[in-house]
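*Asks:* Contents are mmCIF, N, CA, C and O atoms; file name data_5.cif:
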data_upload
loop_
_atom_site.group_PDB
_atom_site.id
_atom_site.type_symbol
_atom_site.label_atom_id
_atom_site.label_comp_id
_atom_site.auth_asym_id
_atom_site.auth_seq_id
_atom_site.Cartn_x
_atom_site.Cartn_y
_atom_site.Cartn_z
ATOM 1 N N MET A 1 68.203 -26.254 112.740
ATOM 2 C CA MET A 1 68.616 -26.120 111.352
ATOM 3 C C MET A 1 69.349 -24.789 111.182
ATOM 4 O O MET A 1 68.843 -23.748 111.575
ATOM 5 N N ARG A 2 70.531 -24.836 110.618
ATOM 6 C CA ARG A 2 71.320 -23.612 110.456
ATOM 7 C C ARG A 2 71.000 -22.924 109.135
ATOM 8 O O ARG A 2 70.689 -23.574 108.140
ATOM 9 N N LYS A 3 71.078 -21.628 109.156
ATOM 10 C CA LYS A 3 70.826 -20.835 107.955
ATOM 11 C C LYS A 3 72.155 -20.442 107.339
ATOM 12 O O LYS A 3 73.079 -20.041 108.028
ATOM 13 N N ASN A 4 72.258 -20.567 106.033
ATOM 14 C CA ASN A 4 73.461 -20.179 105.312
ATOM 15 C C ASN A 4 73.268 -18.749 104.816
ATOM 16 O O ASN A 4 72.298 -18.468 104.115
ATOM 17 N N PRO A 5 74.189 -17.829 105.155
ATOM 18 C CA PRO A 5 74.016 -16.440 104.756
ATOM 19 C C PRO A 5 74.203 -16.203 103.253
ATOM 20 O O PRO A 5 73.806 -15.170 102.738
ATOM 21 N N GLU A 6 74.811 -17.147 102.550
ATOM 22 C CA GLU A 6 75.019 -16.966 101.112
ATOM 23 C C GLU A 6 73.706 -17.188 100.362
ATOM 24 O O GLU A 6 73.010 -18.167 100.611
ATOM 25 N N PRO A 7 73.390 -16.286 99.425
ATOM 26 C CA PRO A 7 72.192 -16.521 98.615
ATOM 27 C C PRO A 7 72.401 -17.754 97.734
ATOM 28 O O PRO A 7 73.513 -18.060 97.333
ATOM 29 N N LYS A 8 71.338 -18.458 97.461
ATOM 30 C CA LYS A 8 71.399 -19.686 96.663
ATOM 31 C C LYS A 8 70.787 -19.437 95.300
ATOM 32 O O LYS A 8 69.887 -18.608 95.133
ATOM 33 N N GLN A 9 71.287 -20.175 94.315
ATOM 34 C CA GLN A 9 70.722 -20.137 92.974
ATOM 35 C C GLN A 9 70.420 -21.566 92.554
ATOM 36 O O GLN A 9 71.257 -22.453 92.720
ATOM 37 N N ARG A 10 69.241 -21.776 92.040
ATOM 38 C CA ARG A 10 68.841 -23.122 91.609
ATOM 39 C C ARG A 10 69.556 -23.459 90.299
ATOM 40 O O ARG A 10 69.548 -22.688 89.355
ATOM 41 N N VAL A 11 70.191 -24.637 90.270
ATOM 42 C CA VAL A 11 70.883 -25.123 89.080
ATOM 43 C C VAL A 11 70.440 -26.558 88.851
ATOM 44 O O VAL A 11 70.422 -27.362 89.776
ATOM 45 N N GLU A 12 70.079 -26.864 87.639
ATOM 46 C CA GLU A 12 69.643 -28.216 87.321
ATOM 47 C C GLU A 12 70.755 -28.933 86.570
ATOM 48 O O GLU A 12 71.337 -28.384 85.640
ATOM 49 N N VAL A 13 71.073 -30.133 86.991
ATOM 50 C CA VAL A 13 72.088 -30.935 86.310
ATOM 51 C C VAL A 13 71.520 -32.320 86.024
ATOM 52 O O VAL A 13 70.606 -32.774 86.705
ATOM 53 N N GLN A 14 72.064 -32.950 85.021
ATOM 54 C CA GLN A 14 71.707 -34.331 84.717
ATOM 55 C C GLN A 14 72.971 -35.162 84.829
ATOM 56 O O GLN A 14 74.007 -34.811 84.265
ATOM 57 N N LEU A 15 72.874 -36.256 85.570
ATOM 58 C CA LEU A 15 74.004 -37.145 85.781
ATOM 59 C C LEU A 15 73.624 -38.547 85.323
ATOM 60 O O LEU A 15 72.451 -38.914 85.360
ATOM 61 N N PRO A 16 74.607 -39.337 84.927
ATOM 62 C CA PRO A 16 74.299 -40.722 84.553
ATOM 63 C C PRO A 16 73.670 -41.464 85.741
ATOM 64 O O PRO A 16 74.108 -41.298 86.886
ATOM 65 N N GLU A 17 72.656 -42.236 85.468
ATOM 66 C CA GLU A 17 71.921 -42.925 86.533
ATOM 67 C C GLU A 17 72.813 -43.790 87.420
ATOM 68 O O GLU A 17 72.674 -43.752 88.650
ATOM 69 N N PRO A 18 73.761 -44.567 86.854
ATOM 70 C CA PRO A 18 74.622 -45.376 87.734
ATOM 71 C C PRO A 18 75.441 -44.513 88.701
ATOM 72 O O PRO A 18 75.649 -44.898 89.853
ATOM 73 N N LEU A 19 75.863 -43.343 88.257
ATOM 74 C CA LEU A 19 76.614 -42.430 89.117
ATOM 75 C C LEU A 19 75.728 -41.925 90.256
ATOM 76 O O LEU A 19 76.144 -41.877 91.413
ATOM 77 N N VAL A 20 74.498 -41.574 89.942
ATOM 78 C CA VAL A 20 73.547 -41.106 90.950
ATOM 79 C C VAL A 20 73.263 -42.207 91.966
ATOM 80 O O VAL A 20 73.265 -41.966 93.179
ATOM 81 N N MET A 21 73.059 -43.417 91.471
ATOM 82 C CA MET A 21 72.761 -44.535 92.362
ATOM 83 C C MET A 21 73.928 -44.784 93.322
ATOM 84 O O MET A 21 73.718 -44.966 94.520
ATOM 85 N N GLU A 22 75.146 -44.777 92.810
ATOM 86 C CA GLU A 22 76.309 -45.032 93.649
ATOM 87 C C GLU A 22 76.515 -43.921 94.671
ATOM 88 O O GLU A 22 76.737 -44.186 95.852
ATOM 89 N N ALA A 23 76.432 -42.659 94.220
ATOM 90 C CA ALA A 23 76.637 -41.532 95.132
ATOM 91 C C ALA A 23 75.553 -41.492 96.206
ATOM 92 O O ALA A 23 75.832 -41.184 97.369
ATOM 93 N N SER A 24 74.334 -41.818 95.842
ATOM 94 C CA SER A 24 73.229 -41.722 96.801
ATOM 95 C C SER A 24 73.374 -42.728 97.943
ATOM 96 O O SER A 24 72.775 -42.541 99.006
ATOM 97 N N LEU A 25 74.175 -43.758 97.751
ATOM 98 C CA LEU A 25 74.398 -44.726 98.829
ATOM 99 C C LEU A 25 75.082 -44.087 100.030
ATOM 100 O O LEU A 25 74.966 -44.578 101.149
ATOM 101 N N PHE A 26 75.809 -43.002 99.802
ATOM 102 C CA PHE A 26 76.585 -42.358 100.855
ATOM 103 C C PHE A 26 75.927 -41.101 101.413
ATOM 104 O O PHE A 26 76.492 -40.447 102.281
ATOM 105 N N LEU A 27 74.750 -40.748 100.898
ATOM 106 C CA LEU A 27 74.056 -39.553 101.370
ATOM 107 C C LEU A 27 73.097 -39.915 102.503
ATOM 108 O O LEU A 27 72.543 -41.013 102.554
ATOM 109 N N ARG A 28 72.907 -38.962 103.425
ATOM 110 C CA ARG A 28 72.002 -39.155 104.562
ATOM 111 C C ARG A 28 70.574 -39.350 104.053
ATOM 112 O O ARG A 28 70.143 -38.717 103.099
ATOM 113 N N ARG A 29 69.851 -40.229 104.702
ATOM 114 C CA ARG A 29 68.482 -40.554 104.286
ATOM 115 C C ARG A 29 67.466 -40.151 105.341
ATOM 116 O O ARG A 29 67.777 -40.098 106.519
ATOM 117 N N ASN A 30 66.267 -39.886 104.885
ATOM 118 C CA ASN A 30 65.144 -39.592 105.768
ATOM 119 C C ASN A 30 64.728 -40.894 106.449
ATOM 120 O O ASN A 30 64.482 -41.902 105.779
ATOM 121 N N ALA A 31 64.657 -40.879 107.762
ATOM 122 C CA ALA A 31 64.347 -42.093 108.522
ATOM 123 C C ALA A 31 62.946 -42.633 108.219
ATOM 124 O O ALA A 31 62.717 -43.838 108.278
ATOM 125 N N LEU A 32 62.013 -41.755 107.889
ATOM 126 C CA LEU A 32 60.641 -42.205 107.637
ATOM 127 C C LEU A 32 60.444 -42.739 106.229
ATOM 128 O O LEU A 32 59.787 -43.761 106.032
ATOM 129 N N THR A 33 61.006 -42.055 105.247
ATOM 130 C CA THR A 33 60.750 -42.425 103.853
ATOM 131 C C THR A 33 61.854 -43.285 103.242
ATOM 132 O O THR A 33 61.609 -43.963 102.245
ATOM 133 N N GLY A 34 63.062 -43.204 103.802
ATOM 134 C CA GLY A 34 64.183 -43.937 103.217
ATOM 135 C C GLY A 34 64.798 -43.236 102.022
ATOM 136 O O GLY A 34 65.762 -43.716 101.441
ATOM 137 N N ARG A 35 64.232 -42.103 101.651
ATOM 138 C CA ARG A 35 64.765 -41.346 100.512
ATOM 139 C C ARG A 35 65.905 -40.461 100.973
ATOM 140 O O ARG A 35 66.061 -40.179 102.160
ATOM 141 N N VAL A 36 66.720 -40.000 100.004
ATOM 142 C CA VAL A 36 67.806 -39.073 100.328
ATOM 143 C C VAL A 36 67.186 -37.844 100.979
ATOM 144 O O VAL A 36 66.195 -37.282 100.484
ATOM 145 N N ALA A 37 67.745 -37.433 102.110
ATOM 146 C CA ALA A 37 67.193 -36.322 102.885
ATOM 147 C C ALA A 37 67.244 -35.016 102.090
ATOM 148 O O ALA A 37 68.129 -34.808 101.247
ATOM 149 N N HIS A 38 66.295 -34.148 102.401
ATOM 150 C CA HIS A 38 66.194 -32.841 101.746
ATOM 151 C C HIS A 38 67.510 -32.068 101.900
ATOM 152 O O HIS A 38 68.044 -31.934 102.994
ATOM 153 N N GLY A 39 68.039 -31.584 100.795
ATOM 154 C CA GLY A 39 69.242 -30.760 100.813
ATOM 155 C C GLY A 39 70.546 -31.534 100.745
ATOM 156 O O GLY A 39 71.613 -30.940 100.590
ATOM 157 N N GLU A 40 70.491 -32.854 100.850
ATOM 158 C CA GLU A 40 71.723 -33.644 100.843
ATOM 159 C C GLU A 40 72.465 -33.540 99.516
ATOM 160 O O GLU A 40 73.684 -33.429 99.504
ATOM 161 N N TRP A 41 71.741 -33.601 98.410
ATOM 162 C CA TRP A 41 72.409 -33.473 97.111
ATOM 163 C C TRP A 41 73.052 -32.102 96.972
ATOM 164 O O TRP A 41 74.192 -31.977 96.498
ATOM 165 N N SER A 42 72.370 -31.059 97.383
ATOM 166 C CA SER A 42 72.927 -29.702 97.294
ATOM 167 C C SER A 42 74.193 -29.578 98.120
ATOM 168 O O SER A 42 75.201 -29.016 97.664
ATOM 169 N N THR A 43 74.156 -30.103 99.337
ATOM 170 C CA THR A 43 75.324 -30.044 100.214
ATOM 171 C C THR A 43 76.496 -30.795 99.593
ATOM 172 O O THR A 43 77.636 -30.321 99.587
ATOM 173 N N TYR A 44 76.218 -31.975 99.059
ATOM 174 C CA TYR A 44 77.248 -32.810 98.449
ATOM 175 C C TYR A 44 77.876 -32.119 97.233
ATOM 176 O O TYR A 44 79.099 -32.014 97.124
ATOM 177 N N ILE A 45 77.051 -31.643 96.336
ATOM 178 C CA ILE A 45 77.547 -30.998 95.118
ATOM 179 C C ILE A 45 78.280 -29.695 95.446
ATOM 180 O O ILE A 45 79.327 -29.398 94.869
ATOM 181 N N GLU A 46 77.762 -28.922 96.404
ATOM 182 C CA GLU A 46 78.431 -27.680 96.801
ATOM 183 C C GLU A 46 79.839 -27.976 97.324
ATOM 184 O O GLU A 46 80.796 -27.285 96.970
ATOM 185 N N ARG A 47 79.962 -29.009 98.142
ATOM 186 C CA ARG A 47 81.279 -29.368 98.678
ATOM 187 C C ARG A 47 82.235 -29.775 97.544
ATOM 188 O O ARG A 47 83.393 -29.362 97.525
ATOM 189 N N LEU A 48 81.746 -30.541 96.579
ATOM 190 C CA LEU A 48 82.583 -30.962 95.457
ATOM 191 C C LEU A 48 83.024 -29.771 94.602
ATOM 192 O O LEU A 48 84.182 -29.699 94.185
ATOM 193 N N VAL A 49 82.120 -28.845 94.345
ATOM 194 C CA VAL A 49 82.455 -27.668 93.540
ATOM 195 C C VAL A 49 83.483 -26.804 94.268
ATOM 196 O O VAL A 49 84.455 -26.334 93.669
ATOM 197 N N ARG A 50 83.288 -26.604 95.566
ATOM 198 C CA ARG A 50 84.260 -25.814 96.338
ATOM 199 C C ARG A 50 85.645 -26.470 96.325
ATOM 200 O O ARG A 50 86.654 -25.796 96.161
ATOM 201 N N GLN A 51 85.701 -27.800 96.494
ATOM 202 C CA GLN A 51 86.981 -28.512 96.442
ATOM 203 C C GLN A 51 87.637 -28.346 95.073
ATOM 204 O O GLN A 51 88.846 -28.131 94.973
ATOM 205 N N ASP A 52 86.848 -28.452 94.028
ATOM 206 C CA ASP A 52 87.365 -28.297 92.672
ATOM 207 C C ASP A 52 87.926 -26.892 92.454
ATOM 208 O O ASP A 52 89.000 -26.730 91.865
ATOM 209 N N LEU A 53 87.225 -25.875 92.938
ATOM 210 C CA LEU A 53 87.689 -24.499 92.770
ATOM 211 C C LEU A 53 89.004 -24.253 93.512
ATOM 212 O O LEU A 53 89.891 -23.559 93.003
ATOM 213 N N VAL A 54 89.143 -24.833 94.695
ATOM 214 C CA VAL A 54 90.397 -24.711 95.454
ATOM 215 C C VAL A 54 91.537 -25.360 94.666
ATOM 216 O O VAL A 54 92.623 -24.786 94.541
ATOM 217 N N GLN A 55 91.289 -26.540 94.123
ATOM 218 C CA GLN A 55 92.323 -27.226 93.338
ATOM 219 C C GLN A 55 92.704 -26.418 92.104
ATOM 220 O O GLN A 55 93.881 -26.303 91.771
ATOM 221 N N ARG A 56 91.720 -25.869 91.418
ATOM 222 C CA ARG A 56 92.003 -25.074 90.218
ATOM 223 C C ARG A 56 92.799 -23.814 90.568
ATOM 224 O O ARG A 56 93.736 -23.452 89.856
ATOM 225 N N ALA A 57 92.433 -23.157 91.655
ATOM 226 C CA ALA A 57 93.157 -21.957 92.078
ATOM 227 C C ALA A 57 94.597 -22.312 92.436
ATOM 228 O O ALA A 57 95.528 -21.565 92.122
ATOM 229 N N SER A 58 94.780 -23.451 93.063
ATOM 230 C CA SER A 58 96.114 -23.906 93.439
ATOM 231 C C SER A 58 96.960 -24.166 92.199
ATOM 232 O O SER A 58 98.135 -23.789 92.147
ATOM 233 N N ARG A 59 96.378 -24.773 91.189
ATOM 234 C CA ARG A 59 97.112 -25.037 89.936
ATOM 235 C C ARG A 59 97.485 -23.743 89.232
ATOM 236 O O ARG A 59 98.571 -23.632 88.674
ATOM 237 N N VAL A 60 96.585 -22.762 89.263
ATOM 238 C CA VAL A 60 96.878 -21.472 88.637
ATOM 239 C C VAL A 60 98.046 -20.799 89.364
ATOM 240 O O VAL A 60 98.967 -20.286 88.740
ATOM 241 N N GLN A 61 98.013 -20.816 90.696
ATOM 242 C CA GLN A 61 99.096 -20.218 91.477
ATOM 243 C C GLN A 61 100.407 -20.945 91.204
ATOM 244 O O GLN A 61 101.458 -20.320 91.081
ATOM 245 N N ASP A 62 100.377 -22.271 91.129
ATOM 246 C CA ASP A 62 101.589 -23.046 90.860
ATOM 247 C C ASP A 62 102.159 -22.705 89.479
ATOM 248 O O ASP A 62 103.364 -22.570 89.328
ATOM 249 N N SER A 63 101.283 -22.548 88.481
ATOM 250 C CA SER A 63 101.770 -22.255 87.134
ATOM 251 C C SER A 63 102.314 -20.833 87.029
ATOM 252 O O SER A 63 103.200 -20.558 86.236
ATOM 253 N N GLN A 64 101.816 -19.926 87.837
ATOM 254 C CA GLN A 64 102.303 -18.550 87.822
ATOM 255 C C GLN A 64 103.635 -18.428 88.573
ATOM 256 O O GLN A 64 104.410 -17.539 88.297
ATOM 257 N N GLY A 65 103.888 -19.353 89.495
ATOM 258 C CA GLY A 65 105.108 -19.301 90.288
ATOM 259 C C GLY A 65 106.292 -19.931 89.577
ATOM 260 O O GLY A 65 107.421 -19.842 90.037
ATOM 261 N N GLU A 66 106.050 -20.579 88.438
ATOM 262 C CA GLU A 66 107.146 -21.245 87.711
ATOM 263 C C GLU A 66 107.963 -20.282 86.897
ATOM 264 O O GLU A 66 107.621 -19.256 86.506
#
Please render this file's structure as C-alpha cells.

*Replies:*
Amino acid sequence: MRKNPEPKQRVEVQLPEPLVMEASLFLRRNALTGRVAHGEWSTYIERLVRQDLVQRASRVQDSQGE
C-alpha cells in the first residue's frame, strides 16, 4: 500500500442515489464483502476534482490569451 505525502482533509458530500449506484458499478470492490473497496470513492472523487481544476485553469489561460 502506497502512502500519499499530501495531507488529507475529510469532506462529506451528498450525491443523488442513482448517480452513486451508477458510479459504484465502476469502482473496485472488496473480494470478500462485495462492497466498494476502502478508499475507492476518495480516489475517484480526487481524480475528478483534479481533472476539473486542470480544465478550469486551461480556460482561464485561454481567456487571458485572447

*Asks:* Any idea what's packed within 12 Å of Gly39 (chain A), counting only C-alpha atoms, ignoring anything in its chain fewer than 6 positions away? Could you give it as a PyMOL selection string?

*Replies:* chain A and resi 1+10+27-30+45-46

*Asks:* Using DSSP secondary structure from the backbone, list all helix (DSSP H, G or I) positions within chain A, as an NGL selection string.

*Replies:* :A and (17-24 or 40-64)

*Asks:* When you draw a straight line from atom O of Gln61 (chain A) to atom O of Thr43 (chain A), how long is it in Å?

*Replies:*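 Calculated distance between atom O of Gln61 (chain A) and atom O of Thr43 (chain A) is 27.2 Å.
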
*Asks:* For atom N of Gln64 (chain A) and atom O of Asp52 (chain A), quote the distance in Å rounded to one decimal.

*Replies:*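 Those two atoms sit 15.1 Å apart.
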
*Asks:* Once 8 Å is added on each side, what centre and edge lengths in Å to one decimal does the axis-aligned box around all listed atoms of region 10-20 of chain A have, as lines of an AutoDock Vina configuration file?

*Replies:*
center_x = 72.7
center_y = -33.6
center_z = 88.7
size_x = 23.8
size_y = 39.6
size_z = 24.9
